[in-house]
>>> print(open('input-v4.txt').read())   # compact mmCIF, N, CA and C atoms
# COMPACT_ATOMS: atom_id res chain seq x y z
N MET O 184 -12.89 9.98 -13.96
CA MET O 184 -11.80 9.18 -13.42
C MET O 184 -11.52 9.59 -11.97
N PRO O 185 -11.25 8.62 -11.09
CA PRO O 185 -10.86 8.97 -9.73
C PRO O 185 -9.58 9.80 -9.73
N VAL O 186 -9.32 10.50 -8.64
CA VAL O 186 -8.16 11.39 -8.54
C VAL O 186 -6.86 10.67 -8.84
N ASN O 187 -6.70 9.43 -8.37
CA ASN O 187 -5.44 8.71 -8.53
C ASN O 187 -5.40 7.89 -9.82
N ALA O 188 -6.45 7.94 -10.62
CA ALA O 188 -6.49 7.12 -11.82
C ALA O 188 -5.71 7.78 -12.94
N VAL O 189 -4.94 6.98 -13.62
CA VAL O 189 -4.19 7.45 -14.78
C VAL O 189 -4.25 6.39 -15.86
N ARG O 190 -4.11 6.81 -17.06
CA ARG O 190 -3.98 5.86 -18.17
C ARG O 190 -2.50 5.58 -18.37
N LEU O 191 -2.19 4.31 -18.57
CA LEU O 191 -0.81 3.92 -18.78
C LEU O 191 -0.42 4.17 -20.22
N PRO O 192 0.88 4.41 -20.46
CA PRO O 192 1.33 4.51 -21.85
C PRO O 192 0.98 3.23 -22.60
N VAL O 193 0.77 3.33 -23.89
CA VAL O 193 0.34 2.19 -24.70
C VAL O 193 1.27 1.00 -24.55
N ASN O 194 2.58 1.22 -24.45
CA ASN O 194 3.50 0.09 -24.37
C ASN O 194 3.41 -0.64 -23.03
N GLU O 195 2.83 -0.03 -21.98
CA GLU O 195 2.67 -0.69 -20.69
C GLU O 195 1.25 -1.19 -20.46
N ALA O 196 0.31 -0.69 -21.21
CA ALA O 196 -1.09 -0.99 -20.93
C ALA O 196 -1.50 -2.33 -21.50
N THR O 197 -2.34 -3.01 -20.74
CA THR O 197 -3.04 -4.18 -21.25
C THR O 197 -4.51 -3.83 -21.14
N SER O 198 -5.37 -4.62 -21.74
CA SER O 198 -6.79 -4.28 -21.66
C SER O 198 -7.26 -4.25 -20.22
N GLU O 199 -6.69 -5.09 -19.35
CA GLU O 199 -7.08 -5.12 -17.94
C GLU O 199 -6.44 -3.97 -17.17
N ALA O 200 -5.16 -3.71 -17.38
CA ALA O 200 -4.43 -2.73 -16.57
C ALA O 200 -4.72 -1.29 -16.97
N SER O 201 -5.24 -1.06 -18.16
CA SER O 201 -5.40 0.32 -18.63
C SER O 201 -6.39 1.12 -17.80
N SER O 202 -7.29 0.47 -17.10
CA SER O 202 -8.26 1.20 -16.29
C SER O 202 -7.89 1.21 -14.81
N GLN O 203 -6.73 0.67 -14.43
CA GLN O 203 -6.31 0.65 -13.03
C GLN O 203 -5.78 2.00 -12.60
N SER O 204 -5.92 2.29 -11.29
CA SER O 204 -5.35 3.51 -10.75
C SER O 204 -3.83 3.36 -10.71
N ALA O 205 -3.14 4.47 -10.54
CA ALA O 205 -1.68 4.44 -10.46
C ALA O 205 -1.22 3.56 -9.30
N LEU O 206 -1.90 3.65 -8.17
CA LEU O 206 -1.55 2.83 -7.01
C LEU O 206 -1.77 1.35 -7.29
N SER O 207 -2.89 1.03 -7.87
CA SER O 207 -3.21 -0.36 -8.21
C SER O 207 -2.19 -0.93 -9.19
N GLU O 208 -1.85 -0.15 -10.20
CA GLU O 208 -0.86 -0.62 -11.18
C GLU O 208 0.50 -0.82 -10.54
N CYS O 209 0.88 0.06 -9.63
CA CYS O 209 2.16 -0.08 -8.92
C CYS O 209 2.19 -1.39 -8.13
N VAL O 210 1.10 -1.69 -7.44
CA VAL O 210 1.02 -2.93 -6.67
C VAL O 210 1.08 -4.13 -7.61
N SER O 211 0.33 -4.08 -8.70
CA SER O 211 0.33 -5.19 -9.66
C SER O 211 1.72 -5.45 -10.21
N ARG O 212 2.40 -4.40 -10.61
CA ARG O 212 3.74 -4.53 -11.17
C ARG O 212 4.71 -5.11 -10.14
N THR O 213 4.61 -4.63 -8.89
CA THR O 213 5.51 -5.09 -7.84
C THR O 213 5.25 -6.54 -7.48
N VAL O 214 3.98 -6.94 -7.40
CA VAL O 214 3.66 -8.33 -7.09
C VAL O 214 4.12 -9.25 -8.21
N ARG O 215 3.91 -8.84 -9.47
CA ARG O 215 4.40 -9.65 -10.60
C ARG O 215 5.91 -9.83 -10.52
N ARG O 216 6.63 -8.75 -10.22
CA ARG O 216 8.09 -8.84 -10.11
C ARG O 216 8.49 -9.75 -8.96
N TYR O 217 7.81 -9.63 -7.82
CA TYR O 217 8.11 -10.48 -6.67
C TYR O 217 7.89 -11.95 -7.01
N LEU O 218 6.75 -12.25 -7.64
CA LEU O 218 6.46 -13.64 -8.00
C LEU O 218 7.48 -14.19 -9.00
N ALA O 219 7.90 -13.36 -9.94
CA ALA O 219 8.93 -13.79 -10.89
C ALA O 219 10.25 -14.05 -10.17
N ASP O 220 10.56 -13.21 -9.19
CA ASP O 220 11.81 -13.37 -8.44
C ASP O 220 11.84 -14.64 -7.60
N ILE O 221 10.71 -14.98 -6.96
CA ILE O 221 10.73 -16.14 -6.07
C ILE O 221 10.44 -17.44 -6.82
N GLY O 222 9.88 -17.35 -8.02
CA GLY O 222 9.60 -18.55 -8.80
C GLY O 222 8.68 -19.50 -8.04
N ASP O 223 9.12 -20.76 -7.89
CA ASP O 223 8.31 -21.77 -7.21
C ASP O 223 8.55 -21.80 -5.71
N THR O 224 9.42 -20.94 -5.20
CA THR O 224 9.70 -20.90 -3.77
C THR O 224 8.45 -20.44 -3.03
N GLU O 225 8.13 -21.14 -1.94
CA GLU O 225 6.97 -20.77 -1.15
C GLU O 225 7.26 -19.57 -0.28
N CYS O 226 6.28 -18.70 -0.14
CA CYS O 226 6.36 -17.57 0.77
C CYS O 226 5.87 -18.08 2.12
N GLY O 227 6.77 -18.22 3.10
CA GLY O 227 6.45 -18.84 4.37
C GLY O 227 5.25 -18.26 5.09
N GLU O 228 5.12 -16.94 5.11
CA GLU O 228 4.03 -16.32 5.86
C GLU O 228 2.78 -16.11 5.01
N GLY O 229 2.85 -16.41 3.75
CA GLY O 229 1.73 -16.16 2.84
C GLY O 229 1.90 -14.81 2.17
N LEU O 230 1.60 -14.76 0.91
CA LEU O 230 1.80 -13.54 0.13
C LEU O 230 0.93 -12.39 0.64
N HIS O 231 -0.29 -12.68 1.01
CA HIS O 231 -1.18 -11.62 1.49
C HIS O 231 -0.59 -10.98 2.74
N ALA O 232 -0.19 -11.78 3.71
CA ALA O 232 0.39 -11.24 4.96
C ALA O 232 1.66 -10.45 4.66
N LEU O 233 2.47 -10.93 3.74
CA LEU O 233 3.71 -10.24 3.38
C LEU O 233 3.41 -8.87 2.78
N VAL O 234 2.48 -8.82 1.85
CA VAL O 234 2.15 -7.54 1.19
C VAL O 234 1.57 -6.56 2.21
N ILE O 235 0.66 -7.02 3.05
CA ILE O 235 0.07 -6.14 4.06
C ILE O 235 1.15 -5.61 4.99
N ARG O 236 2.04 -6.48 5.45
CA ARG O 236 3.11 -6.06 6.36
C ARG O 236 4.02 -5.03 5.69
N GLU O 237 4.35 -5.23 4.44
CA GLU O 237 5.25 -4.33 3.73
C GLU O 237 4.60 -2.99 3.38
N VAL O 238 3.31 -2.99 3.13
CA VAL O 238 2.62 -1.78 2.69
C VAL O 238 2.10 -0.95 3.86
N GLU O 239 1.65 -1.60 4.92
CA GLU O 239 0.98 -0.90 6.01
C GLU O 239 1.88 0.12 6.71
N GLY O 240 3.12 -0.24 7.00
CA GLY O 240 4.03 0.68 7.68
C GLY O 240 4.24 1.98 6.92
N PRO O 241 4.66 1.91 5.66
CA PRO O 241 4.82 3.14 4.88
C PRO O 241 3.52 3.92 4.72
N LEU O 242 2.40 3.23 4.57
CA LEU O 242 1.11 3.91 4.46
C LEU O 242 0.83 4.72 5.72
N LEU O 243 0.99 4.10 6.88
CA LEU O 243 0.74 4.80 8.14
C LEU O 243 1.69 5.98 8.31
N ARG O 244 2.96 5.75 8.02
CA ARG O 244 3.97 6.80 8.17
C ARG O 244 3.67 8.00 7.28
N GLU O 245 3.31 7.76 6.03
CA GLU O 245 3.05 8.85 5.09
C GLU O 245 1.77 9.61 5.43
N VAL O 246 0.71 8.89 5.79
CA VAL O 246 -0.54 9.57 6.12
C VAL O 246 -0.37 10.39 7.39
N LEU O 247 0.32 9.84 8.38
CA LEU O 247 0.56 10.58 9.62
C LEU O 247 1.41 11.82 9.35
N ALA O 248 2.43 11.70 8.54
CA ALA O 248 3.28 12.84 8.19
C ALA O 248 2.46 13.89 7.43
N TRP O 249 1.60 13.46 6.51
CA TRP O 249 0.78 14.38 5.73
C TRP O 249 -0.11 15.22 6.63
N HIS O 250 -0.53 14.62 7.74
CA HIS O 250 -1.40 15.32 8.69
C HIS O 250 -0.62 15.84 9.89
N ASP O 251 0.67 16.08 9.70
CA ASP O 251 1.54 16.68 10.70
C ASP O 251 1.47 15.98 12.06
N GLY O 252 1.38 14.65 12.03
CA GLY O 252 1.38 13.88 13.26
C GLY O 252 0.04 13.82 13.98
N ASN O 253 -0.99 14.44 13.43
CA ASN O 253 -2.31 14.43 14.07
C ASN O 253 -2.95 13.05 13.85
N GLN O 254 -2.96 12.26 14.91
CA GLN O 254 -3.46 10.89 14.81
C GLN O 254 -4.95 10.82 14.54
N SER O 255 -5.72 11.72 15.08
CA SER O 255 -7.17 11.71 14.85
C SER O 255 -7.49 11.94 13.38
N ARG O 256 -6.83 12.93 12.76
CA ARG O 256 -7.07 13.19 11.34
C ARG O 256 -6.55 12.04 10.47
N ALA O 257 -5.38 11.52 10.82
CA ALA O 257 -4.82 10.40 10.06
C ALA O 257 -5.74 9.19 10.14
N ALA O 258 -6.24 8.89 11.33
CA ALA O 258 -7.15 7.75 11.50
C ALA O 258 -8.42 7.94 10.68
N ALA O 259 -8.95 9.16 10.68
CA ALA O 259 -10.16 9.45 9.91
C ALA O 259 -9.93 9.21 8.42
N VAL O 260 -8.80 9.68 7.90
CA VAL O 260 -8.47 9.49 6.48
C VAL O 260 -8.31 8.00 6.16
N LEU O 261 -7.70 7.26 7.07
CA LEU O 261 -7.48 5.83 6.87
C LEU O 261 -8.76 5.01 7.04
N GLY O 262 -9.78 5.61 7.66
CA GLY O 262 -11.03 4.89 7.87
C GLY O 262 -10.97 3.93 9.05
N ILE O 263 -10.10 4.22 10.01
CA ILE O 263 -9.98 3.41 11.21
C ILE O 263 -10.09 4.33 12.42
N ASN O 264 -10.35 3.77 13.59
CA ASN O 264 -10.41 4.64 14.75
C ASN O 264 -9.00 4.90 15.29
N ARG O 265 -8.89 5.91 16.13
CA ARG O 265 -7.59 6.35 16.62
C ARG O 265 -6.89 5.27 17.43
N ALA O 266 -7.64 4.50 18.21
CA ALA O 266 -7.04 3.42 19.00
C ALA O 266 -6.43 2.36 18.09
N THR O 267 -7.11 2.04 17.01
CA THR O 267 -6.57 1.07 16.05
C THR O 267 -5.32 1.62 15.38
N LEU O 268 -5.34 2.90 15.05
CA LEU O 268 -4.16 3.53 14.46
C LEU O 268 -2.99 3.43 15.42
N ARG O 269 -3.20 3.76 16.69
CA ARG O 269 -2.11 3.70 17.67
C ARG O 269 -1.57 2.28 17.81
N LYS O 270 -2.44 1.31 17.79
CA LYS O 270 -2.02 -0.10 17.89
C LYS O 270 -1.14 -0.46 16.67
N LYS O 271 -1.57 -0.04 15.50
CA LYS O 271 -0.81 -0.34 14.28
C LYS O 271 0.52 0.43 14.27
N LEU O 272 0.50 1.67 14.72
CA LEU O 272 1.75 2.45 14.80
C LEU O 272 2.74 1.77 15.74
N ALA O 273 2.25 1.29 16.87
CA ALA O 273 3.12 0.60 17.82
C ALA O 273 3.67 -0.68 17.22
N ALA O 274 2.82 -1.43 16.53
CA ALA O 274 3.25 -2.68 15.91
C ALA O 274 4.34 -2.47 14.87
N HIS O 275 4.32 -1.32 14.22
CA HIS O 275 5.32 -1.01 13.18
C HIS O 275 6.48 -0.16 13.73
N GLY O 276 6.49 0.05 15.04
CA GLY O 276 7.56 0.82 15.66
C GLY O 276 7.54 2.29 15.29
N LEU O 277 6.35 2.83 15.06
CA LEU O 277 6.21 4.20 14.62
C LEU O 277 5.74 5.15 15.72
N LEU O 278 5.63 4.67 16.94
CA LEU O 278 5.24 5.54 18.06
C LEU O 278 6.45 6.02 18.80
>>> encode(input="input-v4.txt", output="structure tokens")
Amino acid sequence: MPVNAVRLPVNEATSEASSQSALSECVSRTVRRYLADIGDTECGEGLHALVIREVEGPLLREVLAWHDGNQSRAAAVLGINRATLRKKLAAHGLL
């Protein structure tokens, strides 16, 4: 099993979700709740753009904090170059 993979308790598991990582299951649960909350209301910017916008900022902030502000190490862990990281940090007001 990957490091972040966990088995869900039987009452939460479905045949599909039981093999998902903890992060994947968290996203699935949150998206299901969001869709239930909005019902038939359209998401103006598109659901994909909304999820990326909402997830990217905290992801960048946490990875950068984990690496004590070292942008080169954070960029390497994220799989992006440092210039791209700086651009994304600026876009999220994290510089």
>>> select_by_dssp(input="input-v4.txt", residues="segment 205-264 of chain O", states="helix (DSSP H, G or I)", output="JSON, numbers by chain")
{"O": [205, 206, 207, 208, 209, 210, 211, 212, 213, 214, 215, 216, 217, 218, 219, 220, 221, 230, 231, 232, 233, 234, 235, 236, 237, 238, 239, 240, 241, 242, 243, 244, 245, 246, 247, 248, 249, 254, 255, 256, 257, 258, 259, 260, 261]}
>>> atom_distance(input="input-v4.txt", atom1="atom N of Glu245 of chain O", atom2="atom N of Leu268 of chain O")
13.4 Å
>>> closest_residue(input="input-v4.txt", among="O:Lys271, O:Gln203, O:Ala266, O:Glu208", to="Leu243 of chain O", atoms="all atoms listed in the file")
O:Lys271
>>> atom_distance(input="input-v4.txt", atom1="atom CA of Ala259 of chain O", atom2="atom CA of Leu230 of chain O")
27.7 Å
>>> atom_distance(input="input-v4.txt", atom1="atom CA of His231 of chain O", atom2="atom CA of Ala219 of chain O")
16.1 Å
